[in-house]
$ cat target_18.cif   # mmCIF, C-alpha atoms
data_upload
loop_
_atom_site.label_atom_id
_atom_site.label_comp_id
_atom_site.auth_asym_id
_atom_site.auth_seq_id
_atom_site.Cartn_x
_atom_site.Cartn_y
_atom_site.Cartn_z
CA MET A 16 15.71 86.24 -0.27
CA PRO A 17 17.28 86.51 -3.74
CA ASN A 18 17.96 89.72 -5.60
CA ILE A 19 15.61 89.94 -8.59
CA THR A 20 16.31 91.48 -11.99
CA VAL A 21 13.25 92.25 -14.13
CA LEU A 22 13.96 91.33 -17.74
CA GLN A 23 12.32 92.71 -20.87
CA GLY A 24 8.75 91.41 -21.08
CA GLY A 25 8.31 91.33 -17.32
CA CYS A 26 10.12 88.02 -16.65
CA GLU A 27 12.08 87.70 -13.43
CA LYS A 28 15.54 86.20 -13.12
CA VAL A 29 17.31 85.40 -9.85
CA THR A 30 20.76 87.03 -9.87
CA LYS A 31 22.01 86.42 -6.32
CA MET A 32 20.70 83.62 -4.17
CA ARG A 33 21.10 81.71 -0.98
CA ILE A 34 21.56 77.96 -1.27
CA ALA A 35 21.55 75.19 1.33
CA PHE A 36 24.02 72.43 0.47
CA LEU A 37 23.41 69.19 2.39
CA SER A 38 26.26 66.75 3.03
CA ILE A 39 24.95 64.74 5.96
CA HIS A 40 27.17 61.66 6.01
CA SER A 41 30.48 63.37 5.26
CA SER A 42 31.94 66.74 6.19
CA PRO A 43 32.96 68.89 3.21
CA LEU A 44 36.13 69.62 5.18
CA GLY A 45 36.93 65.93 5.64
CA ARG A 46 40.27 64.55 4.51
CA ALA A 47 40.19 62.99 1.04
CA GLY A 48 40.93 59.28 1.17
CA GLU A 49 39.09 58.60 4.43
CA LYS A 50 36.37 55.96 4.42
CA ASP A 51 33.47 58.28 3.54
CA THR A 52 35.40 61.23 2.13
CA GLY A 53 36.59 61.66 -1.43
CA GLY A 54 35.77 63.56 -4.57
CA MET A 55 32.42 64.68 -3.17
CA SER A 56 34.13 66.84 -0.55
CA THR A 57 36.37 68.37 -3.22
CA PHE A 58 33.25 69.08 -5.29
CA LEU A 59 31.45 70.75 -2.39
CA ARG A 60 34.39 72.97 -1.48
CA GLY A 61 35.19 73.94 -5.05
CA LEU A 62 31.63 74.67 -6.17
CA SER A 63 30.56 76.50 -3.00
CA SER A 64 33.69 78.69 -3.09
CA ALA A 65 33.03 79.62 -6.72
CA LEU A 66 29.40 80.46 -5.89
CA GLY A 67 30.57 82.60 -2.97
CA GLU A 68 33.03 84.45 -5.22
CA ALA A 69 30.15 85.14 -7.62
CA GLY A 70 28.21 86.85 -4.81
CA HIS A 71 25.85 84.04 -3.81
CA LYS A 72 25.48 82.75 -0.25
CA VAL A 73 26.01 79.06 0.51
CA ASP A 74 25.56 77.20 3.78
CA LEU A 75 27.12 73.73 3.84
CA PHE A 76 25.12 71.61 6.29
CA THR A 77 26.70 68.54 7.82
CA ARG A 78 26.50 66.69 11.13
CA PRO A 79 28.65 67.75 14.12
CA ASP A 80 31.45 65.52 15.32
CA SER A 81 29.82 65.41 18.74
CA ALA A 82 26.53 66.48 20.29
CA GLY A 83 26.19 69.54 22.46
CA LYS A 84 25.79 72.73 20.45
CA ASP A 85 25.32 74.17 16.99
CA LEU A 86 28.58 74.92 15.22
CA VAL A 87 28.93 77.59 12.52
CA ARG A 88 32.14 78.44 10.72
CA GLU A 89 32.78 80.77 7.80
CA ILE A 90 35.17 78.97 5.47
CA LYS A 91 35.15 81.32 2.47
CA ALA A 92 33.56 84.64 1.58
CA GLY A 93 29.85 83.91 1.39
CA VAL A 94 30.27 80.27 2.46
CA ARG A 95 29.53 78.84 5.90
CA LEU A 96 29.95 75.33 7.31
CA VAL A 97 26.93 74.71 9.57
CA CYS A 98 26.68 71.74 11.95
CA PRO A 99 23.31 71.84 13.77
CA ASP A 100 23.19 69.74 16.91
CA ASP A 101 20.71 66.89 16.34
CA GLY A 102 21.32 65.25 19.73
CA LEU A 103 22.22 61.92 18.10
CA GLY A 104 25.94 61.88 18.79
CA PRO A 105 28.45 60.16 16.48
CA LEU A 106 26.85 57.84 13.92
CA SER A 107 28.35 55.84 11.08
CA LYS A 108 27.00 56.27 7.56
CA GLN A 109 25.18 52.95 7.91
CA GLU A 110 23.36 54.19 11.02
CA LEU A 111 22.05 57.47 9.61
CA TYR A 112 18.99 56.54 7.58
CA PRO A 113 16.53 55.88 10.45
CA HIS A 114 17.32 59.36 11.81
CA TYR A 115 17.00 61.45 8.66
CA ARG A 116 13.84 63.20 9.87
CA THR A 117 15.51 64.10 13.18
CA ILE A 118 18.48 65.50 11.26
CA ALA A 119 16.13 67.52 9.04
CA GLU A 120 14.38 68.89 12.14
CA SER A 121 17.70 70.01 13.63
CA ILE A 122 18.54 71.90 10.41
CA ASP A 123 15.06 73.45 10.32
CA ARG A 124 15.37 74.49 13.97
CA PHE A 125 18.77 76.08 13.38
CA CYS A 126 17.49 78.02 10.37
CA ARG A 127 14.52 79.38 12.29
CA GLY A 128 16.82 80.55 15.08
CA ASP A 129 19.31 81.99 12.58
CA ASN A 130 16.52 83.58 10.51
CA SER A 131 17.99 81.82 7.46
CA ARG A 132 15.88 81.33 4.36
CA TYR A 133 17.01 79.60 1.18
CA ASP A 134 16.04 79.75 -2.47
CA LEU A 135 17.11 76.18 -3.12
CA ILE A 136 18.24 72.96 -1.45
CA PHE A 137 21.11 71.08 -3.10
CA SER A 138 21.59 67.61 -1.55
CA HIS A 139 24.64 65.41 -2.03
CA TYR A 140 24.38 61.60 -1.78
CA TRP A 141 21.18 59.67 -1.18
CA LEU A 142 21.17 60.09 2.62
CA SER A 143 21.29 63.86 2.24
CA GLY A 144 18.56 63.55 -0.38
CA CYS A 145 16.24 61.99 2.21
CA VAL A 146 16.87 64.95 4.53
CA GLY A 147 16.46 67.36 1.63
CA GLN A 148 13.01 66.02 0.75
CA VAL A 149 11.78 66.75 4.28
CA LEU A 150 13.17 70.30 4.15
CA LYS A 151 11.72 70.84 0.66
CA LYS A 152 8.23 70.32 2.12
CA ASN A 153 8.96 72.46 5.17
CA TRP A 154 10.48 75.35 3.24
CA ASN A 155 8.51 75.07 -0.01
CA VAL A 156 11.59 75.51 -2.21
CA PRO A 157 13.04 73.43 -5.09
CA HIS A 158 15.25 70.46 -4.22
CA MET A 159 18.18 69.46 -6.43
CA LEU A 160 20.06 66.23 -5.84
CA MET A 161 23.46 64.88 -6.84
CA PHE A 162 23.89 61.18 -6.05
CA HIS A 163 27.69 61.20 -6.53
CA THR A 164 27.53 57.39 -6.67
CA LEU A 165 24.64 55.07 -7.41
CA GLY A 166 24.02 51.93 -5.38
CA ARG A 167 22.82 49.96 -8.37
CA ALA A 168 25.83 51.00 -10.46
CA LYS A 169 28.23 49.95 -7.71
CA ASN A 170 26.56 46.55 -7.34
CA GLU A 171 26.52 45.91 -11.07
CA ALA A 172 30.14 46.93 -11.51
CA CYS A 173 31.52 45.28 -8.36
CA PRO A 174 29.29 42.81 -6.44
CA GLU A 175 31.72 42.91 -3.50
CA GLU A 176 30.30 46.34 -2.68
CA ASN A 177 26.87 44.81 -1.88
CA GLU A 178 24.91 48.05 -1.49
CA PRO A 179 21.63 47.34 0.38
CA LEU A 180 18.15 47.23 -1.11
CA LEU A 181 17.17 50.12 1.20
CA ARG A 182 19.59 52.41 -0.66
CA LEU A 183 18.46 51.21 -4.09
CA GLU A 184 14.80 51.84 -3.27
CA ALA A 185 15.54 55.22 -1.68
CA GLU A 186 17.51 56.36 -4.74
CA LYS A 187 14.64 55.32 -7.01
CA GLU A 188 12.13 57.31 -4.94
CA LEU A 189 14.43 60.34 -4.69
CA ALA A 190 14.99 60.36 -8.45
CA ARG A 191 11.23 60.54 -8.91
CA SER A 192 10.44 63.10 -6.22
CA CYS A 193 13.26 65.68 -6.36
CA ASP A 194 13.02 68.62 -8.76
CA LEU A 195 16.27 68.06 -10.63
CA ILE A 196 19.23 65.69 -10.63
CA ILE A 197 22.77 66.98 -11.28
CA THR A 198 25.45 64.73 -12.77
CA ALA A 199 29.08 65.44 -13.61
CA ALA A 200 29.71 62.99 -16.49
CA LYS A 201 27.74 61.90 -19.55
CA GLN A 202 28.10 58.26 -18.57
CA GLU A 203 26.51 58.91 -15.17
CA LYS A 204 23.68 60.91 -16.73
CA GLU A 205 22.89 58.00 -19.06
CA LYS A 206 22.84 55.58 -16.12
CA ILE A 207 20.39 57.75 -14.16
CA LEU A 208 18.08 58.23 -17.13
CA THR A 209 18.07 54.47 -17.78
CA TYR A 210 17.86 53.20 -14.20
CA PHE A 211 15.02 55.48 -13.17
CA ASP A 212 13.25 55.91 -16.53
CA LEU A 213 13.36 59.71 -16.32
CA PRO A 214 12.71 62.36 -18.96
CA LEU A 215 15.81 64.12 -20.32
CA GLU A 216 14.88 67.44 -18.72
CA LYS A 217 14.99 65.86 -15.23
CA VAL A 218 18.81 65.44 -15.35
CA ALA A 219 21.38 68.21 -15.89
CA LEU A 220 25.06 67.73 -16.67
CA ILE A 221 27.55 70.02 -14.89
CA PRO A 222 31.18 68.77 -14.97
CA CYS A 223 33.39 69.07 -11.90
CA GLY A 224 36.05 71.73 -11.81
CA ILE A 225 39.70 71.76 -10.87
CA ASN A 226 41.86 74.38 -9.20
CA ARG A 227 44.65 74.84 -11.71
CA GLU A 228 46.52 77.21 -9.44
CA ILE A 229 47.21 74.16 -7.27
CA PHE A 230 47.06 71.29 -9.75
CA LYS A 231 49.69 72.25 -12.33
CA ALA A 232 52.68 70.68 -14.02
CA LEU A 233 56.11 71.42 -12.58
CA GLY A 234 59.34 71.59 -14.56
CA ILE A 235 61.45 68.46 -14.97
CA HIS A 236 63.95 69.46 -12.26
CA GLN A 237 61.17 70.29 -9.80
CA ARG A 238 59.56 66.92 -10.52
CA LEU A 239 62.80 65.13 -9.74
CA ARG A 240 63.16 67.12 -6.51
CA ALA A 241 59.59 66.17 -5.57
CA LYS A 242 60.53 62.52 -6.08
CA GLU A 243 63.56 62.87 -3.84
CA GLN A 244 61.65 64.72 -1.12
CA LEU A 245 59.06 61.93 -1.02
CA GLY A 246 61.88 59.43 -0.54
CA TRP A 247 61.72 57.91 -4.01
CA GLU A 248 64.82 57.17 -6.07
CA LYS A 249 65.24 59.38 -9.14
CA LYS A 250 65.62 56.38 -11.45
CA THR A 251 62.69 54.48 -9.95
CA LYS A 252 59.53 54.89 -11.97
CA ILE A 253 56.46 55.63 -9.87
CA ILE A 254 53.03 54.13 -10.59
CA LEU A 255 50.54 56.12 -8.52
CA SER A 256 47.02 55.26 -7.38
CA VAL A 257 44.92 57.80 -5.46
CA GLY A 258 41.62 57.18 -3.67
CA ARG A 259 39.81 55.33 -0.92
CA ILE A 260 40.73 51.69 -0.28
CA GLU A 261 37.58 49.79 -1.20
CA PRO A 262 36.66 46.96 -3.60
CA VAL A 263 35.13 49.21 -6.27
CA LYS A 264 38.55 50.83 -6.83
CA GLY A 265 39.85 47.54 -8.29
CA LEU A 266 43.33 47.65 -6.78
CA ASP A 267 43.75 43.90 -7.30
CA LEU A 268 43.92 44.61 -11.04
CA LEU A 269 46.64 47.21 -10.50
CA LEU A 270 48.75 44.72 -8.55
CA LYS A 271 48.28 41.95 -11.12
CA ALA A 272 49.24 44.31 -13.94
CA ALA A 273 52.30 45.56 -12.04
CA SER A 274 53.47 41.98 -11.51
CA LEU A 275 53.56 41.53 -15.31
CA LEU A 276 55.83 44.51 -16.00
CA PRO A 277 59.25 43.60 -17.42
CA ALA A 278 61.61 42.23 -14.78
CA GLU A 279 64.24 44.82 -15.63
CA GLU A 280 61.81 47.68 -15.04
CA SER A 281 62.69 49.64 -11.91
CA PHE A 282 59.35 50.76 -10.50
CA GLN A 283 57.34 51.24 -7.33
CA VAL A 284 53.57 51.18 -6.90
CA VAL A 285 52.43 53.97 -4.55
CA ILE A 286 48.85 53.75 -3.28
CA ALA A 287 47.69 57.00 -1.64
CA GLY A 288 44.53 56.91 0.46
CA GLY A 289 42.80 54.91 3.17
CA ASP A 290 42.44 55.44 6.90
CA LYS A 291 42.33 53.13 9.94
CA SER A 292 39.09 51.58 8.71
CA SER A 293 40.99 50.35 5.64
CA SER A 294 43.61 48.38 7.57
CA ILE A 295 42.11 44.95 6.83
CA GLN A 296 41.92 45.66 3.09
CA VAL A 297 45.44 47.08 3.08
CA GLU A 298 46.82 43.94 4.74
CA SER A 299 44.98 41.82 2.20
CA TYR A 300 46.49 43.79 -0.69
CA LYS A 301 49.96 43.50 0.86
CA LYS A 302 49.56 39.71 0.94
CA THR A 303 48.41 39.75 -2.68
CA ALA A 304 51.44 41.85 -3.64
CA ALA A 305 53.79 39.40 -1.93
CA ARG A 306 52.11 36.44 -3.63
CA LEU A 307 52.57 38.17 -7.00
CA GLY A 308 56.29 38.74 -6.40
CA LEU A 309 56.02 42.47 -5.70
CA GLU A 310 57.87 42.49 -2.38
CA GLY A 311 59.37 45.92 -1.73
CA LYS A 312 57.61 47.40 -4.74
CA VAL A 313 54.21 48.35 -3.25
CA TYR A 314 53.87 51.18 -0.75
CA PHE A 315 50.69 52.41 1.00
CA THR A 316 50.99 56.04 2.11
CA GLY A 317 47.71 56.33 4.01
CA ILE A 318 45.81 59.60 3.69
CA VAL A 319 47.51 62.39 1.75
CA GLU A 320 46.16 65.90 2.33
CA HIS A 321 44.44 67.20 -0.79
CA GLU A 322 46.74 70.23 -0.99
CA LYS A 323 49.75 67.88 -1.09
CA LEU A 324 48.42 65.68 -3.88
CA PRO A 325 49.88 67.86 -6.68
CA PHE A 326 53.30 67.06 -5.25
CA TYR A 327 52.56 63.30 -5.58
CA TYR A 328 51.14 63.60 -9.09
CA ASN A 329 54.18 65.57 -10.25
CA ALA A 330 56.57 63.07 -8.70
CA ALA A 331 54.79 60.13 -10.36
CA ASP A 332 55.42 58.83 -13.87
CA VAL A 333 51.88 57.53 -14.40
CA THR A 334 48.61 57.54 -12.44
CA VAL A 335 46.51 54.39 -12.73
CA LEU A 336 42.75 54.36 -12.19
CA THR A 337 41.52 50.74 -12.13
CA SER A 338 38.06 51.49 -10.73
CA HIS A 339 35.11 49.30 -11.66
CA TYR A 340 32.94 52.41 -11.35
CA GLU A 341 33.37 56.17 -10.86
CA SER A 342 30.65 58.77 -11.13
CA PHE A 343 33.28 61.28 -12.32
CA GLY A 344 36.94 60.30 -11.79
CA LEU A 345 38.47 63.51 -10.45
CA VAL A 346 41.81 61.77 -9.87
CA ALA A 347 42.41 61.51 -13.63
CA LEU A 348 41.69 65.20 -14.09
CA GLU A 349 44.08 66.17 -11.27
CA SER A 350 46.87 63.94 -12.57
CA ILE A 351 46.64 65.24 -16.13
CA ALA A 352 46.60 68.84 -14.86
CA CYS A 353 49.91 68.04 -13.15
CA GLY A 354 51.37 66.77 -16.42
CA THR A 355 51.26 63.08 -15.46
CA PRO A 356 49.57 60.67 -17.90
CA VAL A 357 46.85 58.29 -16.76
CA VAL A 358 45.94 54.72 -17.55
CA ALA A 359 42.28 54.31 -16.68
CA SER A 360 39.13 52.25 -16.94
CA PRO A 361 36.31 53.65 -19.12
CA VAL A 362 34.53 55.09 -16.08
CA GLY A 363 33.04 58.50 -15.32
CA ILE A 364 34.69 61.29 -17.28
CA ILE A 365 37.42 59.09 -18.82
CA PRO A 366 35.70 58.43 -22.20
CA GLU A 367 35.19 62.19 -22.59
CA LEU A 368 38.67 63.12 -21.40
CA ILE A 369 41.00 60.68 -23.13
CA ALA A 370 40.97 60.71 -26.92
CA THR A 371 42.25 57.62 -28.70
CA GLY A 372 44.46 57.25 -31.73
CA ASN A 373 46.21 60.64 -31.71
CA ASN A 374 49.74 60.50 -30.30
CA ASP A 375 50.14 64.27 -30.63
CA ASP A 376 47.38 64.76 -28.06
CA PHE A 377 48.61 62.04 -25.69
CA ILE A 378 47.50 62.38 -22.08
CA GLY A 379 47.05 58.70 -21.29
CA TYR A 380 45.31 55.47 -22.19
CA MET A 381 41.80 54.19 -21.63
CA VAL A 382 41.69 50.40 -21.18
CA GLU A 383 38.29 48.94 -21.98
CA ASN A 384 38.87 45.49 -20.48
CA ARG A 385 40.14 44.17 -17.17
CA ASN A 386 42.82 41.94 -18.65
CA PRO A 387 46.05 42.37 -16.58
CA PRO A 388 48.44 41.88 -19.55
CA THR A 389 46.68 44.68 -21.46
CA TRP A 390 46.95 46.99 -18.47
CA ALA A 391 50.63 46.05 -17.98
CA GLU A 392 51.35 46.91 -21.61
CA LYS A 393 49.65 50.34 -21.36
CA ILE A 394 51.30 51.14 -18.02
CA SER A 395 54.69 50.21 -19.46
CA ARG A 396 54.11 52.43 -22.51
CA ALA A 397 53.12 55.35 -20.29
CA LEU A 398 56.15 54.83 -18.04
CA ASN A 399 58.49 54.85 -21.00
CA SER A 400 56.91 57.61 -23.09
CA ASN A 401 59.82 59.93 -22.10
CA LYS A 402 57.90 62.90 -23.40
CA PRO A 403 56.32 65.55 -21.16
CA LEU A 404 52.62 66.14 -21.74
CA ASP A 405 52.12 69.10 -24.05
CA GLN A 406 50.92 72.13 -22.06
CA SER A 407 48.71 73.39 -24.88
CA VAL A 408 47.04 69.98 -25.04
CA LEU A 409 46.47 70.09 -21.28
CA ASP A 410 44.97 73.56 -21.51
CA THR A 411 42.60 72.48 -24.27
CA ARG A 412 41.50 69.27 -22.58
CA LEU A 413 41.02 70.88 -19.17
CA ALA A 414 39.30 74.07 -20.35
CA PRO A 415 35.75 72.77 -19.67
CA TYR A 416 36.62 71.86 -16.08
CA SER A 417 36.67 74.94 -13.87
CA TRP A 418 34.74 75.68 -10.67
CA LYS A 419 33.84 79.13 -11.96
CA GLN A 420 32.22 77.61 -15.02
CA ALA A 421 30.51 74.92 -12.93
CA ALA A 422 29.03 77.61 -10.67
CA SER A 423 27.83 79.61 -13.67
CA GLU A 424 26.19 76.55 -15.21
CA LEU A 425 24.54 75.69 -11.90
CA ILE A 426 23.01 79.16 -11.60
CA THR A 427 21.70 78.85 -15.16
CA VAL A 428 20.10 75.53 -14.25
CA ILE A 429 18.59 76.99 -11.08
CA ASN A 430 17.10 79.89 -13.03
CA SER A 431 15.46 77.35 -15.34
CA LEU A 432 13.67 75.86 -12.33
#

$ encode --input "target_18.cif" --output "structure tokens"
Amino acid sequence: MPNITVLQGGCEKVTKMRIAFLSIHSSPLGRAGEKDTGGMSTFLRGLSSALGEAGHKVDLFTRPDSAGKDLVREIKAGVRLVCPDDGLGPLSKQELYPHYRTIAESIDRFCRGDNSRYDLIFSHYWLSGCVGQVLKKNWNVPHMLMFHTLGRAKNEACPEENEPLLRLEAEKELARSCDLIITAAKQEKEKILTYFDLPLEKVALIPCGINREIFKALGIHQRLRAKEQLGWEKKTKIILSVGRIEPVKGLDLLLKAASLLPAEESFQVVIAGGDKSSSIQVESYKKTAARLGLEGKVYFTGIVEHEKLPFYYNAADVTVLTSHYESFGLVALESIACGTPVVASPVGIIPELIATGNNDDFIGYMVENRNPPTWAEKISRALNSNKPLDQSVLDTRLAPYSWKQAASELITVINSL
């Protein structure tokens, strides 16, 4: 149970607590860029670690890779990864919903055996939210939810995603029944308030953080060495895209824009992300690239370990984010922290992050349409800026985005519950 401090006037405030994080469909330790693993895993690791460093206890619940026994692993001080055996064996994300009560029972059973009690449940993604609602009733504790992406938003932005009605209805019910919804960007908060007709106090805004000990700008000579070590020519300009390979990422726009760059421009498009499940989409994009005259200029790396991404950002000349929809857009934050400008859609955090009209504060461009010539022009300008991003500008822009601050803001929100 939490430590309690009695404040003046007799009020109680929780100072140290134990929190159950639920990430049912995706392991927090999964590799970024895989089919169901991305910014959410980075969020879970970063926030839970910061909470652990602040003296709180966090258990990250996810499903085991295979049935047979409960698995518990301490991953940071005060943070455990817990995989209770639910007897269901491997299941895809699409197969999980009918079993959410069974999954909740397996977590409840583990906690009884482990004598674990929690002050709060924090669910991530709608499938975890369904599990969290069952545990909320069993444990009689508050339930916070972070959707990370919204089915309705994905469908509106990119019909190719075709998220099912089941998800849309579940998200609507979860928004009504949970105690609080957490979002990471103003744009996402506005969507949730509008979609579900919620009062302002039902949704809290806590931006994602970034580990600036890892994501940092290297000197010019180190950047050139990074380029060489990745097998890229020093004089070749690198246009980088990072993320899962799926329709909502809008990679067709990136390829069309790249095909319109000046013929004399020596460049390569590097697309980092995607696993075996992405092979069909990758082949389709390769055919598109060939049709657009980009033979030999587009390279798919497959999954890049998160710890190695700073190397890629530093070696790149620009990072392009063509997504139709992002709930946050962590890639832009990581790239800018590494001193590499971005050209991005007005999604997630981008309207808050990228100021317009001030060349002295340049960190990239926000493109408010999906017109390939406009994107080509902005990409070309970023490639040829020939001016390193100003470190003081980076420090100012990135100051609000730290895991320590996110953890502090979360505890404040929890105390308000």

$ closest_residue --input "target_18.cif" --among "A:Pro179, A:Gly258, A:Pro356, A:Pro157" --to "A:Gln109" --atoms "all atoms listed in the file"
A:Pro179

$ resolve_selection --input "target_18.cif" --expression "the PyMOL selection byres ((chain A and resi 194) around 10)" --output "list in words"
Ile136, Gln148, Lys151, Val156, Pro157, His158, Met159, Leu160, Leu189, Ala190, Arg191, Ser192, Cys193, Leu195, Ile196, Lys217, Val218 and Leu432 of chain A

$ resolve_selection --input "target_18.cif" --expression "the PyMOL selection byres ((chain A and resi 342) around 7)" --output "list in words"
His163, Thr164, Ala200, Glu203, Tyr340, Glu341, Phe343, Gly344 and Gly363 of chain A

$ atom_distance --input "target_18.cif" --atom1 "atom CA of A:Glu261" --atom2 "atom CA of A:Arg396"
27.1 Å

$ closest_atom_pairs --input "target_18.cif" --of "stretch 206-272 of chain A" --to "stretch 382-389 of chain A" --cutoff "7 Å" --atoms "only C-alpha atoms" --output "JSON lines"
{"residue": "A:Leu268", "atom": "CA", "partner": "A:Pro387", "partner_atom": "CA", "distance": 6.3}
{"residue": "A:Lys271", "atom": "CA", "partner": "A:Pro387", "partner_atom": "CA", "distance": 5.9}
{"residue": "A:Ala272", "atom": "CA", "partner": "A:Pro387", "partner_atom": "CA", "distance": 4.6}

$ resolve_selection --input "target_18.cif" --expression "the PyMOL selection byres ((chain A and resi 232) around 8)" --output "ChimeraX atom specification"
/A:230-231,233-234,329,352-355

$ write_last_selection --input "target_18.cif" --atoms "C-alpha atoms" --output "CSV table (one decimal), in the coordinates of the input"
chain,number,residue,atom,x,y,z
A,230,PHE,CA,47.1,71.3,-9.8
A,231,LYS,CA,49.7,72.2,-12.3
A,233,LEU,CA,56.1,71.4,-12.6
A,234,GLY,CA,59.3,71.6,-14.6
A,329,ASN,CA,54.2,65.6,-10.2
A,352,ALA,CA,46.6,68.8,-14.9
A,353,CYS,CA,49.9,68.0,-13.2
A,354,GLY,CA,51.4,66.8,-16.4
A,355,THR,CA,51.3,63.1,-15.5

$ residues_near_point --input "target_18.cif" --point "(9.6, 72.8, 3.1)" --cutoff "12 Å" --atoms "all atoms listed in the file" --output "PyMOL selection string"
chain A and resi 119-120+122-123+126+132-136+146-158

$ atom_distance --input "target_18.cif" --atom1 "atom CA of A:Ser41" --atom2 "atom CA of A:Ile229"
23.5 Å

$ residues_near_point --input "target_18.cif" --point "(30.2, 62.1, 13.8)" --cutoff "9 Å" --atoms "all atoms listed in the file" --output "JSON, numbers by chain"
{"A": [40, 41, 78, 79, 80, 81, 82, 104, 105, 106, 107]}

$ write_last_selection --input "target_18.cif" --atoms "C-alpha atoms" --output "mmCIF file, in the coordinates of the input"
data_model
loop_
_atom_site.group_PDB
_atom_site.id
_atom_site.type_symbol
_atom_site.label_atom_id
_atom_site.label_comp_id
_atom_site.auth_asym_id
_atom_site.auth_seq_id
_atom_site.Cartn_x
_atom_site.Cartn_y
_atom_site.Cartn_z
ATOM 1 C CA HIS A 40 27.170 61.660 6.010
ATOM 2 C CA SER A 41 30.480 63.370 5.260
ATOM 3 C CA ARG A 78 26.500 66.690 11.130
ATOM 4 C CA PRO A 79 28.650 67.750 14.120
ATOM 5 C CA ASP A 80 31.450 65.520 15.320
ATOM 6 C CA SER A 81 29.820 65.410 18.740
ATOM 7 C CA ALA A 82 26.530 66.480 20.290
ATOM 8 C CA GLY A 104 25.940 61.880 18.790
ATOM 9 C CA PRO A 105 28.450 60.160 16.480
ATOM 10 C CA LEU A 106 26.850 57.840 13.920
ATOM 11 C CA SER A 107 28.350 55.840 11.080
#

$ residues_around --input "target_18.cif" --residues "A:Ile378" --least-positions-apart "2" --cutoff "12 Å" --atoms "all atoms listed in the file" --output "short mmCIF file (atom, residue, chain, number, x, y, z; two decimals) with C-alpha atoms, keeping the file's coordinate frame"
data_model
loop_
_atom_site.label_atom_id
_atom_site.label_comp_id
_atom_site.auth_asym_id
_atom_site.auth_seq_id
_atom_site.Cartn_x
_atom_site.Cartn_y
_atom_site.Cartn_z
CA ASP A 332 55.42 58.83 -13.87
CA VAL A 333 51.88 57.53 -14.40
CA THR A 334 48.61 57.54 -12.44
CA ALA A 347 42.41 61.51 -13.63
CA LEU A 348 41.69 65.20 -14.09
CA GLU A 349 44.08 66.17 -11.27
CA SER A 350 46.87 63.94 -12.57
CA ILE A 351 46.64 65.24 -16.13
CA ALA A 352 46.60 68.84 -14.86
CA CYS A 353 49.91 68.04 -13.15
CA GLY A 354 51.37 66.77 -16.42
CA THR A 355 51.26 63.08 -15.46
CA PRO A 356 49.57 60.67 -17.90
CA VAL A 357 46.85 58.29 -16.76
CA VAL A 358 45.94 54.72 -17.55
CA ALA A 359 42.28 54.31 -16.68
CA ILE A 365 37.42 59.09 -18.82
CA LEU A 368 38.67 63.12 -21.40
CA ILE A 369 41.00 60.68 -23.13
CA ALA A 370 40.97 60.71 -26.92
CA THR A 371 42.25 57.62 -28.70
CA GLY A 372 44.46 57.25 -31.73
CA ASN A 373 46.21 60.64 -31.71
CA ASN A 374 49.74 60.50 -30.30
CA ASP A 375 50.14 64.27 -30.63
CA ASP A 376 47.38 64.76 -28.06
CA TYR A 380 45.31 55.47 -22.19
CA MET A 381 41.80 54.19 -21.63
CA ARG A 396 54.11 52.43 -22.51
CA ALA A 397 53.12 55.35 -20.29
CA SER A 400 56.91 57.61 -23.09
CA LYS A 402 57.90 62.90 -23.40
CA PRO A 403 56.32 65.55 -21.16
CA LEU A 404 52.62 66.14 -21.74
CA ASP A 405 52.12 69.10 -24.05
CA GLN A 406 50.92 72.13 -22.06
CA SER A 407 48.71 73.39 -24.88
CA VAL A 408 47.04 69.98 -25.04
CA LEU A 409 46.47 70.09 -21.28
CA ASP A 410 44.97 73.56 -21.51
CA THR A 411 42.60 72.48 -24.27
CA ARG A 412 41.50 69.27 -22.58
CA LEU A 413 41.02 70.88 -19.17
#

$ closest_residue --input "target_18.cif" --among "A:Thr209, A:Ser63, A:Ser121, A:Thr198" --to "A:Arg167" --atoms "all atoms listed in the file"
A:Thr209

$ residues_around --input "target_18.cif" --residues "A:Val257" --least-positions-apart "6" --cutoff "9 Å" --atoms "all atoms listed in the file" --output "list in words"
Gly48, Val285, Ile286, Ala287, Gly288, Val319, Leu324, Thr334, Val335, Leu336 and Val346 of chain A

$ residues_around --input "target_18.cif" --residues "A:Ala172" --least-positions-apart "4" --cutoff "8 Å" --atoms "only C-alpha atoms" --output "count of residues only"
4

$ closest_residue --input "target_18.cif" --among "A:Ala305, A:Ala35, A:Ile429, A:Leu180" --to "A:Leu270" --atoms "only C-alpha atoms"
A:Ala305

$ atom_distance --input "target_18.cif" --atom1 "atom CA of A:Phe377" --atom2 "atom CA of A:Leu345"
18.4 Å

$ closest_residue --input "target_18.cif" --among "A:Ser256, A:Ser56, A:Ser138, A:Asn130" --to "A:Tyr314" --atoms "all atoms listed in the file"
A:Ser256

$ closest_residue --input "target_18.cif" --among "A:Gln296, A:Trp247, A:Tyr112, A:Glu392" --to "A:Leu181" --atoms "only C-alpha atoms"
A:Tyr112

$ closest_residue --input "target_18.cif" --among "A:Lys187, A:Lys323, A:Lys419, A:His236" --to "A:Glu68" --atoms "only C-alpha atoms"
A:Lys419

$ residues_around --input "target_18.cif" --residues "A:Pro366" --least-positions-apart "5" --cutoff "9 Å" --atoms "all atoms listed in the file" --output "PDB file with C-alpha atoms, keeping the file's coordinate frame"
ATOM      1  CA  GLN A 202      28.100  58.260 -18.570  1.00  0.00           C
ATOM      2  CA  SER A 360      39.130  52.250 -16.940  1.00  0.00           C
ATOM      3  CA  PRO A 361      36.310  53.650 -19.120  1.00  0.00           C
ATOM      4  CA  MET A 381      41.800  54.190 -21.630  1.00  0.00           C
TER       5      MET A 381
END
